[in-house]
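Structure file my_file31.cif with mmCIF, C-alpha atoms:
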```cif
data_protein
loop_
_atom_site.label_atom_id
_atom_site.label_comp_id
_atom_site.auth_asym_id
_atom_site.auth_seq_id
_atom_site.Cartn_x
_atom_site.Cartn_y
_atom_site.Cartn_z
CA MET A 277 113.35 110.71 126.00
CA LEU A 278 114.88 109.83 122.63
CA GLU A 279 116.47 106.42 122.23
CA PRO A 280 120.34 106.62 121.94
CA VAL A 281 120.34 105.84 118.22
CA ASN A 282 117.82 108.65 117.63
CA ARG A 283 120.31 111.27 118.86
CA LEU A 284 122.41 110.56 115.80
CA TRP A 285 119.62 111.12 113.30
CA PRO A 286 119.40 114.94 113.49
CA CYS A 287 123.19 115.10 113.02
CA VAL A 288 122.97 112.81 109.99
CA ALA A 289 120.14 114.94 108.59
CA ALA A 290 122.12 118.19 109.09
CA VAL A 291 125.21 116.72 107.40
CA MET A 292 123.14 115.43 104.46
CA VAL A 293 121.45 118.79 103.86
CA THR A 294 124.83 120.55 104.02
CA ILE A 295 126.28 118.13 101.45
CA ALA A 296 123.24 118.61 99.18
CA ILE A 297 123.45 122.41 99.36
CA ALA A 298 127.21 122.28 98.71
CA ALA A 299 126.63 120.04 95.67
CA ILE A 300 123.91 122.35 94.32
CA PHE A 301 125.98 125.52 94.64
CA LEU A 302 129.56 124.26 94.25
CA VAL A 303 129.46 121.14 92.03
CA ALA A 304 126.68 122.12 89.60
CA PRO A 305 127.65 124.78 87.05
CA THR A 306 125.40 127.78 86.36
CA GLU A 307 122.98 127.01 83.53
CA GLN A 308 123.38 129.31 80.48
CA THR A 309 119.77 130.34 79.78
CA MET A 310 118.08 130.17 83.20
CA GLY A 311 121.04 131.15 85.35
CA ASP A 312 120.93 130.39 89.08
CA ALA A 313 117.13 129.78 88.99
CA GLN A 314 117.86 126.40 87.35
CA ARG A 315 119.37 125.19 90.66
CA ILE A 316 115.80 124.87 91.96
CA VAL A 317 115.54 121.68 89.89
CA TYR A 318 117.97 119.80 92.19
CA ILE A 319 115.67 120.34 95.19
CA HIS A 320 112.48 119.96 93.12
CA VAL A 321 113.38 116.50 91.76
CA SER A 322 114.47 115.32 95.24
CA VAL A 323 111.27 116.39 97.04
CA ALA A 324 109.03 115.18 94.18
CA TRP A 325 110.56 111.69 94.37
CA MET A 326 110.18 111.62 98.15
CA GLY A 327 106.55 112.78 97.87
CA LEU A 328 105.76 109.78 95.67
CA ALA A 329 107.88 107.35 97.73
CA MET A 330 106.12 108.37 100.98
CA PHE A 331 102.76 107.55 99.38
CA VAL A 332 104.00 104.01 98.71
CA VAL A 333 105.32 103.74 102.31
CA MET A 334 101.99 105.02 103.64
CA ALA A 335 99.93 102.55 101.58
CA VAL A 336 102.18 99.52 102.30
CA THR A 337 102.34 100.20 106.05
CA GLY A 338 98.58 100.96 106.06
CA GLY A 339 97.98 97.60 104.39
CA MET A 340 100.23 95.95 106.98
CA TYR A 341 98.16 97.54 109.76
CA LEU A 342 94.94 96.12 108.27
CA PHE A 343 96.62 92.71 108.07
CA ARG A 344 98.32 92.67 111.51
CA ARG A 345 96.26 95.16 113.55
CA ASP A 346 99.42 96.45 115.21
CA LEU A 347 99.53 100.21 115.82
CA ALA A 348 103.30 100.18 115.20
CA TRP A 349 102.49 99.93 111.47
CA ASP A 350 100.15 102.91 111.75
CA HIS A 351 102.95 105.01 113.26
CA TRP A 352 104.93 104.41 110.06
CA SER A 353 101.86 105.19 107.96
CA GLN A 354 101.10 108.45 109.78
CA ALA A 355 104.74 109.56 109.73
CA ALA A 356 104.90 108.85 105.97
CA LEU A 357 101.66 110.80 105.49
CA GLU A 358 103.03 113.89 107.22
CA ILE A 359 106.45 113.80 105.52
CA GLY A 360 104.81 113.04 102.15
CA TRP A 361 102.46 116.01 102.56
CA LEU A 362 105.47 118.25 103.27
CA CYS A 363 107.40 116.90 100.26
CA CYS A 364 104.40 117.30 97.92
CA GLY A 365 103.85 120.86 99.16
CA LEU A 366 107.54 121.65 98.53
CA THR A 367 107.25 120.03 95.06
CA LEU A 368 104.39 122.40 94.18
CA VAL A 369 106.23 125.46 95.49
CA THR A 370 109.58 124.65 93.83
CA GLY A 371 107.80 123.53 90.62
CA SER A 372 105.91 126.79 90.48
CA LEU A 373 109.09 128.84 91.07
CA TRP A 374 110.91 126.86 88.36
CA ALA A 375 107.96 127.22 85.93
CA HIS A 376 108.01 131.00 86.41
CA ALA A 377 111.73 131.16 85.69
CA ALA A 378 111.54 128.77 82.71
CA TRP A 379 108.17 129.45 81.08
CA ASN A 380 107.21 132.81 82.66
CA ILE A 381 104.05 131.31 84.22
CA TRP A 382 103.46 130.38 87.86
CA TRP A 383 101.26 127.40 87.13
CA THR A 384 100.47 125.09 84.21
CA TRP A 385 98.28 121.97 83.95
CA ASP A 386 101.30 119.91 83.11
CA PRO A 387 100.83 116.17 83.91
CA ARG A 388 103.52 115.99 86.57
CA LEU A 389 102.48 119.23 88.29
CA THR A 390 98.86 118.07 88.16
CA THR A 391 99.85 114.68 89.60
CA ALA A 392 101.79 116.43 92.39
CA PHE A 393 98.75 118.61 93.12
CA VAL A 394 96.39 115.59 93.21
CA LEU A 395 98.83 113.76 95.52
CA TRP A 396 99.02 116.81 97.79
CA ALA A 397 95.19 117.03 97.86
CA MET A 398 94.98 113.31 98.78
CA TYR A 399 97.58 113.72 101.54
CA SER A 400 95.67 116.77 102.85
CA ALA A 401 92.33 114.91 102.85
CA ALA A 402 93.95 112.00 104.72
CA LEU A 403 95.34 114.45 107.32
CA VAL A 404 91.89 116.04 107.81
CA LEU A 405 90.31 112.57 108.11
CA ARG A 406 92.83 111.47 110.75
CA SER A 407 92.39 114.68 112.75
CA GLY A 408 88.68 113.95 113.23
CA VAL A 409 88.95 110.40 114.61
CA GLU A 410 89.83 109.96 118.30
CA ASP A 411 90.10 106.18 118.60
CA PRO A 412 93.64 105.15 117.46
CA HIS A 413 92.59 101.84 115.90
CA ARG A 414 89.68 103.38 114.00
CA ARG A 415 92.00 106.22 112.87
CA ALA A 416 94.57 103.67 111.69
CA ARG A 417 91.93 101.63 109.84
CA LEU A 418 90.38 104.59 108.02
CA GLY A 419 93.79 106.09 107.28
CA ALA A 420 94.92 102.78 105.77
CA ILE A 421 91.85 102.58 103.50
CA VAL A 422 92.40 106.12 102.19
CA ALA A 423 96.12 105.39 101.69
CA ILE A 424 95.37 102.23 99.67
CA VAL A 425 92.69 103.97 97.57
CA GLY A 426 95.18 106.77 96.90
CA ALA A 427 97.95 104.35 95.94
CA LEU A 428 95.61 102.58 93.48
CA ASP A 429 94.63 105.95 92.06
CA VAL A 430 98.14 107.37 91.51
CA PRO A 431 98.95 105.31 88.34
CA LEU A 432 95.56 106.28 86.86
CA VAL A 433 96.18 109.96 87.67
CA ILE A 434 99.62 109.79 86.02
CA MET A 435 98.14 108.07 82.94
CA ALA A 436 95.18 110.46 82.60
CA THR A 437 97.15 113.66 83.07
CA ARG A 438 99.87 112.45 80.68
CA TRP A 439 97.29 111.75 77.95
CA PHE A 440 95.58 115.05 78.67
CA ARG A 441 98.49 117.40 77.98
CA GLY A 442 102.17 117.84 78.75
CA ILE A 443 104.94 120.43 78.47
CA HIS A 444 107.14 119.15 81.32
CA PRO A 445 110.73 118.36 80.26
CA LYS A 446 110.89 114.52 80.11
CA SER A 447 114.62 113.87 80.38
CA PRO A 448 116.43 117.18 79.88
CA HIS A 449 119.97 117.16 78.55
CA MET A 450 122.36 117.80 81.45
CA GLU A 451 126.07 118.35 81.78
CA PRO A 452 127.83 115.43 83.58
CA SER A 453 128.60 117.70 86.58
CA MET A 454 124.91 118.67 86.75
CA ARG A 455 123.94 115.00 86.77
CA VAL A 456 126.40 114.37 89.62
CA ALA A 457 124.94 117.29 91.60
CA LEU A 458 121.42 116.00 90.94
CA LEU A 459 122.33 112.48 92.13
CA ILE A 460 124.03 113.84 95.29
CA SER A 461 121.04 116.10 95.96
CA VAL A 462 118.49 113.28 95.47
CA PHE A 463 120.50 110.94 97.72
CA CYS A 464 121.07 113.51 100.49
CA PHE A 465 117.51 114.84 100.54
CA SER A 466 116.19 111.25 100.50
CA ALA A 467 118.37 110.53 103.56
CA PHE A 468 117.17 113.78 105.19
CA PHE A 469 113.46 113.02 104.71
CA THR A 470 113.96 109.37 105.71
CA THR A 471 115.55 110.68 108.91
CA LEU A 472 112.53 112.91 109.49
CA LEU A 473 110.31 109.86 108.89
CA LEU A 474 112.22 107.79 111.46
CA LEU A 475 112.15 110.60 114.04
CA ARG A 476 108.43 111.26 113.58
CA ARG A 477 107.65 107.53 113.75
CA SER A 478 109.67 107.34 116.98
CA GLN A 479 107.82 110.34 118.40
CA LEU A 480 104.43 108.78 117.56
CA ARG A 481 105.47 105.50 119.19
CA ILE A 482 106.59 107.30 122.37
CA ALA A 483 103.35 109.35 122.46
CA ASP A 484 101.39 106.10 122.16
CA MET A 485 103.41 104.50 124.98
CA LEU A 486 102.81 107.57 127.21
CA GLU A 487 99.08 107.35 126.52
CA ASP A 488 99.10 103.68 127.55
CA ILE A 489 100.98 104.52 130.80
CA GLU A 490 98.47 107.33 131.55
CA CYS A 491 95.56 104.95 130.94
CA ASP A 492 97.15 102.32 133.22
CA SER A 493 97.78 104.84 136.05
CA CYS A 494 94.19 106.16 135.70
CA SER A 495 92.75 102.67 136.00
CA LEU A 496 95.00 101.89 139.04
CA SER A 497 93.99 105.06 140.91
CA MET B 1125 73.43 86.51 98.35
CA VAL B 1126 71.35 87.69 95.34
CA LYS B 1127 68.15 87.71 97.38
CA LYS B 1128 69.83 89.64 100.25
CA LEU B 1129 71.28 92.08 97.72
CA TYR B 1130 67.82 92.56 96.18
CA TRP B 1131 66.25 93.28 99.60
CA MET B 1132 69.01 95.72 100.55
CA ILE B 1133 68.60 97.63 97.28
CA ALA B 1134 64.78 97.56 97.61
CA LYS B 1135 65.06 98.86 101.21
CA ASP B 1136 67.16 101.87 100.19
CA LEU B 1137 65.13 102.69 97.06
CA LEU B 1138 61.83 102.35 98.92
CA SER B 1139 63.11 104.50 101.78
CA GLU B 1140 64.13 107.21 99.29
CA CYS B 1141 60.82 106.99 97.37
CA ARG B 1142 58.86 107.40 100.61
CA SER B 1143 60.91 110.17 102.19
CA LEU B 1144 62.24 111.95 99.04
CA ARG B 1145 65.05 113.35 101.17
CA VAL B 1146 68.06 113.20 98.86
CA TRP B 1147 67.20 112.76 95.20
CA PRO B 1148 65.10 115.95 94.76
CA ALA B 1149 67.85 118.00 96.46
CA MET B 1150 70.51 116.31 94.30
CA LEU B 1151 68.57 116.93 91.06
CA LEU B 1152 67.85 120.53 92.04
CA LEU B 1153 71.50 121.19 92.88
CA GLY B 1154 72.49 119.64 89.51
CA VAL B 1155 70.03 121.88 87.62
CA VAL B 1156 71.16 125.03 89.48
CA VAL B 1157 74.88 124.30 88.92
CA ALA B 1158 74.18 123.50 85.22
CA MET B 1159 72.30 126.79 84.81
CA MET B 1160 75.13 128.74 86.46
CA PHE B 1161 77.81 127.05 84.35
CA ALA B 1162 75.79 127.65 81.17
CA MET B 1163 75.25 131.29 82.15
CA GLN B 1164 79.00 131.83 82.61
CA ALA B 1165 80.05 129.83 79.53
CA ASP B 1166 78.67 132.25 76.95
CA LEU B 1167 81.19 131.20 74.29
CA PRO B 1168 81.27 130.50 70.54
CA PRO B 1169 79.85 127.00 69.65
CA GLU B 1170 83.27 125.45 68.85
CA ARG B 1171 84.69 126.53 72.25
CA LEU B 1172 81.55 125.28 74.03
CA ARG B 1173 81.98 121.85 72.41
CA GLN B 1174 85.46 121.65 73.94
CA ILE B 1175 84.42 122.50 77.49
CA VAL B 1176 80.89 121.09 77.80
CA GLY B 1177 82.14 117.62 78.82
CA GLY B 1178 84.16 119.06 81.70
CA LEU B 1179 81.24 121.24 82.88
CA LEU B 1180 78.81 118.31 82.67
CA TRP B 1181 81.03 115.96 84.67
CA LEU B 1182 81.87 118.53 87.33
CA THR B 1183 78.13 119.16 87.77
CA ILE B 1184 77.49 115.40 88.06
CA PHE B 1185 80.27 115.16 90.63
CA PHE B 1186 79.09 118.07 92.81
CA ALA B 1187 75.41 117.11 92.78
CA GLY B 1188 76.15 113.36 92.99
CA THR B 1189 78.22 113.86 96.15
CA LEU B 1190 74.95 114.64 97.98
CA ALA B 1191 73.55 111.18 97.16
CA LEU B 1192 76.88 109.46 97.92
CA ASP B 1193 77.14 111.16 101.32
CA ARG B 1194 73.56 110.39 102.34
CA SER B 1195 73.91 106.68 101.51
CA PHE B 1196 75.69 106.17 104.86
CA ALA B 1197 74.75 109.33 106.76
CA ALA B 1198 71.11 108.15 106.73
CA GLU B 1199 72.12 104.78 108.21
CA ARG B 1200 74.02 106.49 111.06
CA GLU B 1201 70.86 108.28 112.24
CA ASP B 1202 68.87 106.65 115.04
CA GLY B 1203 71.26 103.72 115.29
CA CYS B 1204 70.12 102.17 111.96
CA TRP B 1205 73.68 101.19 111.17
CA LYS B 1206 74.04 98.98 114.26
CA GLY B 1207 70.74 97.32 113.37
CA LEU B 1208 71.96 96.71 109.83
CA LEU B 1209 75.17 95.10 111.08
CA CYS B 1210 73.09 92.68 113.21
CA TYR B 1211 71.52 91.20 110.07
CA PRO B 1212 73.17 88.04 108.69
CA ILE B 1213 74.56 89.78 105.60
CA SER B 1214 78.17 90.18 104.55
CA PRO B 1215 79.81 93.64 104.28
CA THR B 1216 80.37 92.86 100.56
CA CYS B 1217 76.61 92.52 100.13
CA VAL B 1218 76.04 95.88 101.90
CA TYR B 1219 78.71 97.52 99.69
CA LEU B 1220 77.25 96.13 96.46
CA ALA B 1221 73.72 97.18 97.46
CA LYS B 1222 74.82 100.71 98.36
CA LEU B 1223 76.85 100.84 95.14
CA ALA B 1224 73.80 99.79 93.08
CA VAL B 1225 71.58 102.43 94.73
CA ASN B 1226 74.21 105.12 94.13
CA VAL B 1227 74.55 104.02 90.48
CA VAL B 1228 70.76 104.42 90.07
CA ALA B 1229 70.88 107.87 91.75
CA LEU B 1230 73.72 109.05 89.51
CA ALA B 1231 71.98 107.60 86.42
CA ALA B 1232 68.84 109.60 87.31
CA LEU B 1233 71.02 112.70 87.66
CA GLU B 1234 72.64 112.06 84.26
CA CYS B 1235 69.20 111.55 82.64
CA VAL B 1236 68.33 115.09 83.70
CA LEU B 1237 71.69 116.81 83.22
CA ILE B 1238 72.73 115.51 79.78
CA PRO B 1239 69.56 116.76 77.98
CA LEU B 1240 69.68 119.96 80.08
CA PHE B 1241 73.27 120.71 79.03
CA ALA B 1242 72.34 119.93 75.38
CA LEU B 1243 69.44 122.38 75.68
CA LEU B 1244 71.32 125.17 77.44
CA THR B 1245 74.54 125.07 75.42
CA ASP B 1246 73.17 123.92 72.04
CA VAL B 1247 75.95 121.30 71.89
CA PRO B 1248 74.70 118.06 70.20
CA LEU B 1249 75.20 115.81 73.25
CA LEU B 1250 72.34 113.54 72.16
CA ALA B 1251 73.17 113.37 68.43
CA HIS B 1252 75.01 110.05 68.98
CA PRO B 1253 73.41 108.70 72.18
CA GLY B 1254 75.24 105.33 72.22
CA PRO B 1255 78.78 106.58 72.95
CA ILE B 1256 77.52 109.22 75.41
CA ILE B 1257 75.51 106.55 77.27
CA ALA B 1258 78.58 104.26 77.38
CA VAL B 1259 80.70 107.08 78.86
CA ALA B 1260 77.92 107.98 81.32
CA VAL B 1261 77.52 104.37 82.50
CA LEU B 1262 81.27 103.84 83.00
CA GLY B 1263 81.73 107.23 84.69
CA ASP B 1264 78.70 106.53 86.86
CA LEU B 1265 80.12 103.14 87.96
CA GLY B 1266 83.57 104.57 88.74
CA LEU B 1267 82.21 107.55 90.70
CA ALA B 1268 79.77 105.37 92.64
CA ALA B 1269 82.50 102.76 93.41
CA VAL B 1270 84.91 105.30 94.92
CA GLY B 1271 82.14 107.41 96.45
CA THR B 1272 80.42 104.49 98.20
CA LEU B 1273 83.65 103.28 99.81
CA LEU B 1274 84.84 106.73 100.85
CA SER B 1275 81.35 107.68 102.07
CA ALA B 1276 81.56 104.76 104.52
CA VAL B 1277 85.00 106.05 105.60
CA ALA B 1278 83.89 109.71 105.91
CA ASN B 1279 80.74 108.88 107.85
CA THR B 1280 82.61 107.26 110.72
CA GLY B 1281 84.38 110.50 111.72
CA ARG B 1282 82.80 113.59 113.22
CA GLN B 1283 83.34 115.75 110.12
CA SER B 1284 81.44 113.66 107.53
CA SER B 1285 79.53 116.44 105.75
CA TYR B 1286 82.58 118.27 104.42
CA LEU B 1287 85.03 115.39 104.34
CA LEU B 1288 83.48 113.34 101.52
CA PRO B 1289 84.04 115.86 98.66
CA LEU B 1290 87.56 116.44 100.01
CA LEU B 1291 88.31 112.69 99.86
CA VAL B 1292 86.48 111.91 96.61
CA LEU B 1293 87.46 114.81 94.33
CA PRO B 1294 91.23 114.13 94.23
CA ALA B 1295 90.52 110.40 93.82
CA VAL B 1296 88.21 110.92 90.82
CA VAL B 1297 90.51 113.28 88.90
CA PRO B 1298 91.34 110.56 86.32
CA LEU B 1299 87.63 109.71 86.00
CA VAL B 1300 86.52 113.33 85.52
CA LEU B 1301 89.36 113.92 83.01
CA GLY B 1302 88.55 110.70 81.13
CA ALA B 1303 84.79 111.26 81.05
CA ALA B 1304 85.17 114.92 80.02
CA GLU B 1305 87.60 114.08 77.21
CA ALA B 1306 85.53 111.09 75.99
CA THR B 1307 82.40 113.33 75.98
CA ARG B 1308 84.25 116.05 74.04
CA LEU B 1309 85.47 113.54 71.42
CA ALA B 1310 81.95 112.04 71.15
CA VAL B 1311 80.46 115.50 70.58
CA GLU B 1312 83.07 116.09 67.84
CA TYR B 1313 82.16 112.66 66.28
CA ASP B 1314 85.75 111.52 66.81
CA PHE B 1315 85.55 107.86 67.83
CA GLY B 1316 89.18 107.06 67.00
CA PRO B 1317 91.89 105.50 69.21
CA ALA B 1318 91.90 108.52 71.56
CA TRP B 1319 88.21 108.02 72.40
CA TRP B 1320 88.77 104.28 73.02
CA ARG B 1321 91.77 105.04 75.23
CA TRP B 1322 89.65 107.26 77.50
CA VAL B 1323 86.82 104.70 77.53
CA GLN B 1324 89.34 102.00 78.54
CA LEU B 1325 90.62 104.29 81.33
CA LEU B 1326 87.04 104.73 82.60
CA ALA B 1327 86.42 100.96 82.46
CA GLY B 1328 89.76 100.29 84.21
CA PHE B 1329 88.94 102.84 86.90
CA ALA B 1330 85.54 101.24 87.54
CA VAL B 1331 87.01 97.70 87.72
CA VAL B 1332 89.89 98.74 90.04
CA PHE B 1333 87.67 100.61 92.49
CA ILE B 1334 84.75 98.16 92.54
CA THR B 1335 87.32 95.46 93.42
CA ALA B 1336 88.96 97.73 96.01
CA GLY B 1337 85.53 98.51 97.47
CA ILE B 1338 84.66 94.82 97.82
CA VAL B 1339 87.98 94.11 99.57
CA LEU B 1340 88.23 97.25 101.77
CA PHE B 1341 84.60 97.91 102.69
CA GLU B 1342 84.72 95.33 105.47
CA PHE B 1343 87.45 97.37 107.21
CA ALA B 1344 85.58 100.65 106.72
CA VAL B 1345 82.43 99.50 108.54
CA GLU B 1346 84.06 97.69 111.46
CA GLU B 1347 82.69 98.90 114.81
#
```

Full structure transcribed into structure tokens:
Amino acid sequence: MLEPVNRLWPCVAAVMVTIAIAAIFLVAPTEQTMGDAQRIVYIHVSVAWMGLAMFVVMAVTGGMYLFRRDLAWDHWSQAALEIGWLCCGLTLVTGSLWAHAAWNIWWTWDPRLTTAFVLWAMYSAALVLRSGVEDPHRRARLGAIVAIVGALDVPLVIMATRWFRGIHPKSPHMEPSMRVALLISVFCFSAFFTTLLLLRRSQLRIADMLEDIECDSCSLS
Amino acid sequence: MVKKLYWMIAKDLLSECRSLRVWPAMLLLGVVVAMMFAMQADLPPERLRQIVGGLLWLTIFFAGTLALDRSFAAEREDGCWKGLLCYPISPTCVYLAKLAVNVVALAALECVLIPLFALLTDVPLLAHPGPIIAVAVLGDLGLAAVGTLLSAVANTGRQSSYLLPLLVLPAVVPLVLGAAEATRLAVEYDFGPAWWRWVQLLAGFAVVFITAGIVLFEFAVEE
């Protein structure tokens, strides 16, 4: 059963997504050259930022697990891994859609797209690794190592891909109302994905507690 | 510590020399992949100069993964790993020994692949050996540092054989990019700031991941 405070989270998430969609379609004006396709950018920037932020959460909580050996930290790390994977996947899809509308190509080896792809590949590898380890403490330990290696790698990936080549708009000129819509969208989607993170972390904790109860009842019988 | 390190390295090298289980397969895979790349890359010389670094480093990565994977997979067989952990040696010592053996394996692979690529593509990879050797050594160290740590991680699960390339390839993207670009610039005799920047990235990568390996290896091999 969900804790009382958890019942509020889905409502908060729904309200946040509604506000973000309203800001994207009602506050932001239609861009002159790209038309409505430009609105993808409001979602793209939000999910890209969350994809990167979740990697930091995953590495920090993974490091805390290695330090404290408390599975509660691993629940945060695993939840961040799953939400980060989702955000990175959405970044690739929205980035590709935007690239087709803006540059008439579905994919380009632009530094930020490449970085998003490498992040997504790291998240995917970490998910595959976790799926193959049964023991929760061993899974937490190995997951934490991969998360820390990934976090150390991200600045090097950003540096290397930026030196390699780049056509991504660095800080595009935006109308003030567009900037407001972008800020609202980033804030609301951040709240939405943070809510998902909290819910997933809660679910993992409850699953862990159930497993402990099952183990206890097995040993008693 | 130095003596223990020496014996650990000697044990692995001697075991490989006696059994010849991994290195011949790794070298053969490298040669076959190089031949296939060269066959497909039938391009004008100036285009070949631009892509040969990338092809060379991808071949080193794919063939080298075999050696990286076997460095721990071999220990897992017949309970060797548990025996190794009973010895009075620190995990850091085990990591450094495995790293050194992997560096030697990758260096052997590079000794075969660099002349082979020069021969097959007619790109002057050996015209200025110094810079190419520097790039090869730094790339070798970086790849072995990440590969040794992640090989220990991958070999504790039940899906070790396919997991290692999946874990290592995204992590070595900066290394492969840096080594490929530094090789391309060296082939074009361009040793300006751009070449130094890539060499610094390779050195930084090696330092960061050797340090990370020393710190994290202990957690990877816990039973």

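Across the structure, atom CA of A:Ala457 and atom CA of A:Ala298 are spaced 9.0 Å apart.
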
### Task
Starting from chain B, keep only residues with some atom at most 10 Å from an atom of chain A, counting all atoms listed in the file, and report them as a PyMOL selection string.
chain B and resi 1270+1273-1274+1276-1278+1280-1284+1287-1302+1305+1318+1321-1322+1325-1326+1328-1329+1332-1333+1336-1337+1340-1341+1343-1347

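Those residues returned by the PyMOL selection byres ((chain A and resi 351-354) around 6) for this file are Met334, Thr337, Gly338, Ala348, Trp349, Asp350, Ala355, Ala356, Leu357, Arg477 and Leu480 of chain A.
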
### Task
Check which residues satisfy the PyMOL selection byres ((chain B and resi 1244-1253) around 12) in the file shown, then give them as a PyMOL selection string.
chain B and resi 1155+1158-1177+1179-1180+1234-1235+1237-1243+1254-1261+1306-1315

### Message
Which residues are close to A:Phe465, i.e. within 8 Å by all atoms listed in the file, leaving aside same-chain residues fewer than 4 positions away? Reply as a PyMOL selection string.
### Response
chain A and resi 292-293+296+319+322-323+461+469

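Evaluated against this file, the PyMOL selection byres ((chain A and resi 384) around 10) yields Gly371, Ser372, Ala375, His376, Trp379, Ile381, Trp382, Trp383, Trp385, Asp386, Pro387, Arg388, Leu389, Thr390, Gly442, Ile443 and His444 of chain A.
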
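Of note, atom CA of A:Thr309 and atom CA of A:Arg455 are spaced 17.4 Å apart.
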
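Here atom CA of B:Pro1215 and atom CA of B:Glu1342 stand 5.3 Å from one another.
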
Within 12 Å of A:Ala467, counting only C-alpha atoms, which residues show up once you throw out same-chain ones fewer than 2 positions away? Write them as a PDB file with C-alpha atoms, in the coordinates of the input, please.
```pdb
ATOM      1  CA  TRP A 285     119.620 111.120 113.300  1.00  0.00           C
ATOM      2  CA  PRO A 286     119.400 114.940 113.490  1.00  0.00           C
ATOM      3  CA  CYS A 287     123.190 115.100 113.020  1.00  0.00           C
ATOM      4  CA  VAL A 288     122.970 112.810 109.990  1.00  0.00           C
ATOM      5  CA  ALA A 289     120.140 114.940 108.590  1.00  0.00           C
ATOM      6  CA  ALA A 290     122.120 118.190 109.090  1.00  0.00           C
ATOM      7  CA  VAL A 291     125.210 116.720 107.400  1.00  0.00           C
ATOM      8  CA  MET A 292     123.140 115.430 104.460  1.00  0.00           C
ATOM      9  CA  VAL A 293     121.450 118.790 103.860  1.00  0.00           C
ATOM     10  CA  THR A 294     124.830 120.550 104.020  1.00  0.00           C
ATOM     11  CA  ILE A 295     126.280 118.130 101.450  1.00  0.00           C
ATOM     12  CA  ALA A 296     123.240 118.610  99.180  1.00  0.00           C
ATOM     13  CA  SER A 322     114.470 115.320  95.240  1.00  0.00           C
ATOM     14  CA  VAL A 323     111.270 116.390  97.040  1.00  0.00           C
ATOM     15  CA  MET A 326     110.180 111.620  98.150  1.00  0.00           C
ATOM     16  CA  ILE A 460     124.030 113.840  95.290  1.00  0.00           C
ATOM     17  CA  SER A 461     121.040 116.100  95.960  1.00  0.00           C
ATOM     18  CA  VAL A 462     118.490 113.280  95.470  1.00  0.00           C
ATOM     19  CA  PHE A 463     120.500 110.940  97.720  1.00  0.00           C
ATOM     20  CA  CYS A 464     121.070 113.510 100.490  1.00  0.00           C
ATOM     21  CA  PHE A 465     117.510 114.840 100.540  1.00  0.00           C
ATOM     22  CA  PHE A 469     113.460 113.020 104.710  1.00  0.00           C
ATOM     23  CA  THR A 470     113.960 109.370 105.710  1.00  0.00           C
ATOM     24  CA  THR A 471     115.550 110.680 108.910  1.00  0.00           C
ATOM     25  CA  LEU A 472     112.530 112.910 109.490  1.00  0.00           C
ATOM     26  CA  LEU A 473     110.310 109.860 108.890  1.00  0.00           C
ATOM     27  CA  LEU A 474     112.220 107.790 111.460  1.00  0.00           C
TER      28      LEU A 474
END
```

### Query
If I put a ball of radius 12 Å at (121.4, 128.9, 89.1) in the file's coordinates, which residues poke into it when counting all atoms listed in the file, written as a list of chain:residue names?
A:Ile300, A:Phe301, A:Leu302, A:Val303, A:Ala304, A:Pro305, A:Thr306, A:Glu307, A:Gln308, A:Thr309, A:Met310, A:Gly311, A:Asp312, A:Ala313, A:Gln314, A:Arg315, A:Ile316, A:Val317, A:Tyr318, A:Ile319, A:Trp374, A:Ala377, A:Ala378, A:Met454

### Query
Excluding same-chain residues fewer than 4 positions from stretch 1221-1232 of chain B, what lies within 9 Å of it counting only C-alpha atoms, as number ranges by chain?
B: 1128-1134, 1136-1137, 1147, 1150-1151, 1184, 1187-1188, 1191-1192, 1195-1196, 1216-1217, 1236-1237, 1260-1261, 1264-1265, 1267-1269, 1271-1273, 1334

#### Entry: stretch 1197-1200 of chain B environment, 9 Å, only C-alpha atoms, sequence neighbours closer than 3 positions dropped, as number ranges by chain
B: 1193-1194, 1203-1206, 1208, 1275-1276, 1279-1280, 1284-1285

May I have the residues from that selection written out with C-alpha atoms, as a CSV table (one decimal), in the frame of the given file?
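again-v4.csv, freshly written:
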```csv
chain,number,residue,atom,x,y,z
B,1193,ASP,CA,77.1,111.2,101.3
B,1194,ARG,CA,73.6,110.4,102.3
B,1203,GLY,CA,71.3,103.7,115.3
B,1204,CYS,CA,70.1,102.2,112.0
B,1205,TRP,CA,73.7,101.2,111.2
B,1206,LYS,CA,74.0,99.0,114.3
B,1208,LEU,CA,72.0,96.7,109.8
B,1275,SER,CA,81.4,107.7,102.1
B,1276,ALA,CA,81.6,104.8,104.5
B,1279,ASN,CA,80.7,108.9,107.8
B,1280,THR,CA,82.6,107.3,110.7
B,1284,SER,CA,81.4,113.7,107.5
B,1285,SER,CA,79.5,116.4,105.8
```
